[in-house]
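The data block below is structure_12.txt; it holds compact mmCIF, C-alpha atoms.
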```
# COMPACT_ATOMS: atom_id res chain seq x y z
CA MET A 1 -106.12 204.58 37.81
CA LEU A 2 -103.17 202.57 36.48
CA THR A 3 -105.02 199.31 37.12
CA ASP A 4 -107.58 200.43 34.49
CA LEU A 5 -104.82 200.12 31.86
CA HIS A 6 -104.90 196.35 32.33
CA SER A 7 -108.04 196.09 30.17
CA LYS A 8 -107.06 198.70 27.54
CA LYS A 9 -104.79 196.81 25.15
CA GLY A 10 -104.48 199.64 22.61
CA ILE A 11 -103.25 202.11 25.21
CA GLN A 12 -100.91 199.44 26.60
CA LEU A 13 -99.36 198.95 23.16
CA LEU A 14 -98.95 202.70 22.60
CA LEU A 15 -97.49 203.16 26.07
CA GLY A 16 -95.15 200.20 25.46
CA LEU A 17 -93.95 201.74 22.20
CA VAL A 18 -93.32 205.14 23.78
CA ILE A 19 -91.56 203.66 26.83
CA GLY A 20 -89.55 201.33 24.57
CA ILE A 21 -88.34 204.23 22.45
CA LEU A 22 -87.45 206.19 25.59
CA PHE A 23 -85.67 203.14 27.03
CA GLY A 24 -83.67 202.66 23.81
CA PHE A 25 -82.78 206.36 23.75
CA LEU A 26 -81.54 206.21 27.35
CA LEU A 27 -79.57 203.01 26.68
CA GLN A 28 -77.91 204.74 23.74
CA LYS A 29 -77.20 207.95 25.69
CA GLY A 30 -75.69 205.88 28.52
CA GLY A 31 -73.40 204.13 26.06
CA LEU A 32 -74.95 200.73 26.74
CA THR A 33 -75.50 200.01 23.05
CA ARG A 34 -71.76 200.18 22.38
CA TYR A 35 -70.02 196.85 22.12
CA ASP A 36 -66.85 198.10 23.85
CA ILE A 37 -68.84 199.12 26.96
CA ILE A 38 -70.54 195.72 27.17
CA GLU A 39 -67.27 193.91 26.47
CA GLY A 40 -65.62 195.99 29.22
CA GLN A 41 -68.27 194.80 31.68
CA LEU A 42 -67.72 191.17 30.68
CA LEU A 43 -63.97 191.65 31.16
CA LEU A 44 -64.58 193.41 34.52
CA ILE A 45 -62.79 196.59 33.44
CA ASP A 46 -65.80 198.88 32.82
CA TYR A 47 -68.67 198.83 35.31
CA THR A 48 -71.06 201.13 33.42
CA VAL A 49 -73.52 198.31 32.73
CA LEU A 50 -73.52 197.14 36.35
CA LYS A 51 -74.07 200.67 37.66
CA VAL A 52 -76.99 201.25 35.28
CA MET A 53 -78.54 197.88 36.15
CA LEU A 54 -78.23 198.42 39.91
CA SER A 55 -79.72 201.92 39.56
CA ALA A 56 -82.58 200.49 37.49
CA ILE A 57 -83.26 197.77 40.07
CA ILE A 58 -83.44 200.36 42.85
CA THR A 59 -85.64 202.73 40.83
CA GLY A 60 -87.95 199.99 39.56
CA MET A 61 -88.33 198.28 42.92
CA VAL A 62 -89.13 201.49 44.80
CA GLY A 63 -91.39 202.74 41.98
CA VAL A 64 -93.44 199.56 41.65
CA TYR A 65 -93.96 199.13 45.37
CA LEU A 66 -94.76 202.84 45.81
CA LEU A 67 -97.43 202.59 43.09
CA ARG A 68 -98.70 199.42 44.77
CA SER A 69 -98.81 201.08 48.20
CA LEU A 70 -100.75 204.01 46.73
CA GLY A 71 -103.27 201.59 45.19
CA LEU A 72 -102.32 202.61 41.65
CA ALA A 73 -100.92 199.24 40.56
CA GLN A 74 -101.03 195.56 41.43
CA LEU A 75 -98.35 192.91 41.32
CA HIS A 76 -98.86 189.97 39.00
CA PRO A 77 -95.86 187.72 39.72
CA LYS A 78 -95.32 184.87 37.30
CA PRO A 79 -94.46 181.39 38.51
CA GLY A 80 -90.81 180.48 38.49
CA SER A 81 -88.78 177.32 38.64
CA LEU A 82 -85.16 176.31 38.89
CA GLY A 83 -85.45 174.58 35.51
CA SER A 84 -86.74 177.69 33.74
CA ALA A 85 -84.06 179.85 35.40
CA VAL A 86 -81.29 177.48 34.28
CA ILE A 87 -82.58 177.20 30.69
CA GLY A 88 -83.23 180.94 30.45
CA GLY A 89 -79.85 181.76 31.95
CA LEU A 90 -78.05 179.42 29.55
CA LEU A 91 -79.83 180.82 26.48
CA PHE A 92 -79.26 184.41 27.61
CA GLY A 93 -75.63 183.71 28.52
CA ILE A 94 -74.83 181.99 25.22
CA GLY A 95 -76.35 184.84 23.22
CA PHE A 96 -74.80 187.54 25.39
CA GLY A 97 -71.38 185.91 25.45
CA THR A 98 -71.39 185.21 21.71
CA LEU A 99 -72.59 188.57 20.46
CA GLY A 100 -72.00 190.90 23.39
CA TYR A 101 -75.55 192.25 23.51
CA CYS A 102 -78.63 191.53 25.59
CA PRO A 103 -82.10 191.84 23.98
CA GLY A 104 -82.51 195.49 24.99
CA THR A 105 -79.07 196.56 23.81
CA ILE A 106 -79.53 194.60 20.55
CA ALA A 107 -82.52 196.79 19.72
CA GLY A 108 -80.65 199.97 20.69
CA ALA A 109 -77.51 199.02 18.76
CA ALA A 110 -79.60 197.99 15.73
CA GLY A 111 -81.29 201.40 15.93
CA ASN A 112 -77.80 202.95 15.84
CA GLY A 113 -77.06 200.97 12.68
CA ALA A 114 -74.68 198.37 14.14
CA LEU A 115 -74.70 195.57 11.58
CA ASP A 116 -73.62 192.93 14.09
CA ALA A 117 -76.68 193.79 16.18
CA VAL A 118 -78.99 193.74 13.15
CA ILE A 119 -77.69 190.55 11.52
CA GLY A 120 -76.48 188.55 14.51
CA GLY A 121 -78.79 190.05 17.12
CA VAL A 122 -82.18 190.78 15.61
CA VAL A 123 -82.06 187.78 13.27
CA GLY A 124 -80.72 185.61 16.10
CA VAL A 125 -83.50 186.70 18.47
CA LEU A 126 -86.17 186.00 15.85
CA VAL A 127 -84.75 182.58 14.93
CA GLY A 128 -84.18 181.71 18.60
CA ALA A 129 -87.73 182.75 19.53
CA GLY A 130 -89.10 180.63 16.70
CA VAL A 131 -87.10 177.56 17.71
CA PHE A 132 -87.99 178.04 21.38
CA SER A 133 -91.70 178.34 20.57
CA GLU A 134 -91.51 175.00 18.76
CA VAL A 135 -89.80 173.14 21.61
CA TYR A 136 -91.60 174.99 24.44
CA PRO A 137 -94.50 172.51 24.81
CA ARG A 138 -92.04 169.65 25.41
CA LEU A 139 -89.89 171.75 27.74
CA GLN A 140 -92.94 172.93 29.66
CA ARG A 141 -93.91 169.36 30.52
CA GLY A 142 -90.33 168.51 31.48
CA ILE A 143 -87.35 170.56 32.58
CA LEU A 144 -89.14 173.91 32.94
CA GLN A 145 -91.23 172.47 35.79
CA LYS A 146 -88.25 171.17 37.77
CA GLY A 147 -87.82 172.98 41.08
CA ASP A 148 -91.17 174.83 40.87
CA MET A 149 -91.14 177.90 43.14
CA GLY A 150 -94.65 179.17 42.42
CA THR A 151 -95.41 182.89 42.43
CA ILE A 152 -93.84 183.75 45.77
CA THR A 153 -92.05 187.08 46.13
CA LEU A 154 -88.98 187.73 48.29
CA PRO A 155 -90.95 189.51 51.07
CA GLU A 156 -93.42 186.60 51.16
CA LEU A 157 -90.60 184.08 51.26
CA LEU A 158 -88.88 185.92 54.12
CA LYS A 159 -92.24 186.63 55.84
CA ILE A 160 -91.43 190.29 56.37
CA HIS A 161 -93.03 193.50 55.14
CA HIS A 162 -92.05 194.43 51.59
CA TRP A 163 -90.71 197.86 52.62
CA VAL A 164 -88.21 196.19 54.97
CA VAL A 165 -86.87 194.16 52.05
CA ILE A 166 -86.82 197.26 49.84
CA VAL A 167 -84.89 199.33 52.38
CA LEU A 168 -82.35 196.54 52.88
CA VAL A 169 -81.88 195.93 49.14
CA VAL A 170 -81.60 199.68 48.42
CA ALA A 171 -79.01 200.01 51.21
CA VAL A 172 -76.91 197.08 49.90
CA LEU A 173 -77.13 198.10 46.24
CA GLY A 174 -76.54 201.75 47.15
CA MET A 175 -73.40 200.71 49.04
CA VAL A 176 -72.19 198.71 46.02
CA LEU A 177 -72.75 201.74 43.78
CA TRP A 178 -70.94 203.99 46.26
CA VAL A 179 -67.97 201.60 46.43
CA LEU A 180 -67.76 201.38 42.62
CA GLU A 181 -67.80 205.17 42.33
CA SER A 182 -65.30 205.62 45.19
CA LEU A 183 -62.90 203.24 43.45
CA GLY A 184 -63.38 205.07 40.17
CA LEU A 185 -64.79 201.99 38.46
```
I need this file expressed as structure tokens, please.
Amino acid sequence: MLTDLHSKKGIQLLLGLVIGILFGFLLQKGGLTRYDIIEGQLLLIDYTVLKVMLSAIITGMVGVYLLRSLGLAQLHPKPGSLGSAVIGGLLFGIGFGTLGYCPGTIAGAAGNGALDAVIGGVVGVLVGAGVFSEVYPRLQRGILQKGDMGTITLPELLKIHHWVVIVLVVAVLGMVLWVLESLGL
């Protein structure tokens, strides 16, 4: 059923738009489009962002693998490398540290009318994407290939069933969430 969507680009775009609007709405309702919340996470005094991210990881991981187990979806892991992780992490970190938004919260904050998100964020993302697309062919032949990891997933790497990994990750992340809530963070 869901695997049929892979060939229907128009429905994918519409679904992406609807899910994106819902995602932005939920980010805004959770306060994650507010600069002070993001700044509080960076200063380690407000853990709202961490709690939302950990909850999303748990929900997404269980949801994707449940759909996969039911035969409703397939995994299409992309190849990774140490070089691409370092470059991506640096670019993300510079942008996040400079402006205080990630790409998702930029869109949500821009939708709320935050001028810093519109001018610094949206314009910055567009300019950065343009510059990256120009240098990508050179990077792809060089640093992005360093430390190639292929398309291996964590369960494949550990050579254990994916539900074992999921249960362990959910237990650890659930414990972290419980500790944060118990400490009132």
As a check of understanding: the span from CA of Ala56 (chain A) to CA of Trp163 (chain A) is 17.4 Å
Can you work out the spacing between CA of Gln74 (chain A) and CA of Val169 (chain A) in Å, to one decimal?
20.6 Å
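The nearest approach to Gly142 (chain A) among the residues A:Gly130, A:Gly120, A:Gly30, A:Gly83, with all atoms listed in the file taken into account, belongs to A:Gly83.
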Name all residues at most 9 Å from region 24-28 of chain A (count all atoms listed in the file; drop same-chain ones fewer than 2 positions away) and give them as a PDB file with C-alpha atoms, in the coordinates of the input.
```pdb
ATOM      1  CA  ILE A  19     -91.560 203.660  26.830  1.00  0.00           C
ATOM      2  CA  GLY A  20     -89.550 201.330  24.570  1.00  0.00           C
ATOM      3  CA  ILE A  21     -88.340 204.230  22.450  1.00  0.00           C
ATOM      4  CA  LEU A  22     -87.450 206.190  25.590  1.00  0.00           C
ATOM      5  CA  GLY A  30     -75.690 205.880  28.520  1.00  0.00           C
ATOM      6  CA  GLY A  31     -73.400 204.130  26.060  1.00  0.00           C
ATOM      7  CA  LEU A  32     -74.950 200.730  26.740  1.00  0.00           C
ATOM      8  CA  THR A  33     -75.500 200.010  23.050  1.00  0.00           C
ATOM      9  CA  ARG A  34     -71.760 200.180  22.380  1.00  0.00           C
ATOM     10  CA  GLY A 104     -82.510 195.490  24.990  1.00  0.00           C
ATOM     11  CA  THR A 105     -79.070 196.560  23.810  1.00  0.00           C
ATOM     12  CA  ALA A 107     -82.520 196.790  19.720  1.00  0.00           C
ATOM     13  CA  GLY A 108     -80.650 199.970  20.690  1.00  0.00           C
ATOM     14  CA  ALA A 109     -77.510 199.020  18.760  1.00  0.00           C
ATOM     15  CA  GLY A 111     -81.290 201.400  15.930  1.00  0.00           C
ATOM     16  CA  ASN A 112     -77.800 202.950  15.840  1.00  0.00           C
TER      17      ASN A 112
END
```
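Distance annotation: of A:Ile152, A:Ile87, A:Leu157, A:Gly124, the residue with the minimal separation from Tyr136 (chain A) is A:Ile87; atom set is all atoms listed in the file.
When only C-alpha atoms are used to compute distances to Ile38 (chain A), the closest of the residues A:Gly147, A:Gly174, A:Gly100, A:Gly95 turns out to be A:Gly100.
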Find the residues around Gly97 (chain A) up to 12 Å (all atoms listed in the file counted), leave out those fewer than 3 positions away in its own chain, and share them as a PDB file with C-alpha atoms, keeping the file's coordinate frame.
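Output file part10.pdb is given in full below:
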```
ATOM      1  CA  TYR A  35     -70.020 196.850  22.120  1.00  0.00           C
ATOM      2  CA  ILE A  38     -70.540 195.720  27.170  1.00  0.00           C
ATOM      3  CA  GLU A  39     -67.270 193.910  26.470  1.00  0.00           C
ATOM      4  CA  GLN A  41     -68.270 194.800  31.680  1.00  0.00           C
ATOM      5  CA  LEU A  42     -67.720 191.170  30.680  1.00  0.00           C
ATOM      6  CA  LEU A  43     -63.970 191.650  31.160  1.00  0.00           C
ATOM      7  CA  GLY A  89     -79.850 181.760  31.950  1.00  0.00           C
ATOM      8  CA  LEU A  90     -78.050 179.420  29.550  1.00  0.00           C
ATOM      9  CA  LEU A  91     -79.830 180.820  26.480  1.00  0.00           C
ATOM     10  CA  PHE A  92     -79.260 184.410  27.610  1.00  0.00           C
ATOM     11  CA  GLY A  93     -75.630 183.710  28.520  1.00  0.00           C
ATOM     12  CA  ILE A  94     -74.830 181.990  25.220  1.00  0.00           C
ATOM     13  CA  GLY A 100     -72.000 190.900  23.390  1.00  0.00           C
ATOM     14  CA  TYR A 101     -75.550 192.250  23.510  1.00  0.00           C
ATOM     15  CA  CYS A 102     -78.630 191.530  25.590  1.00  0.00           C
ATOM     16  CA  GLY A 121     -78.790 190.050  17.120  1.00  0.00           C
TER      17      GLY A 121
END
```
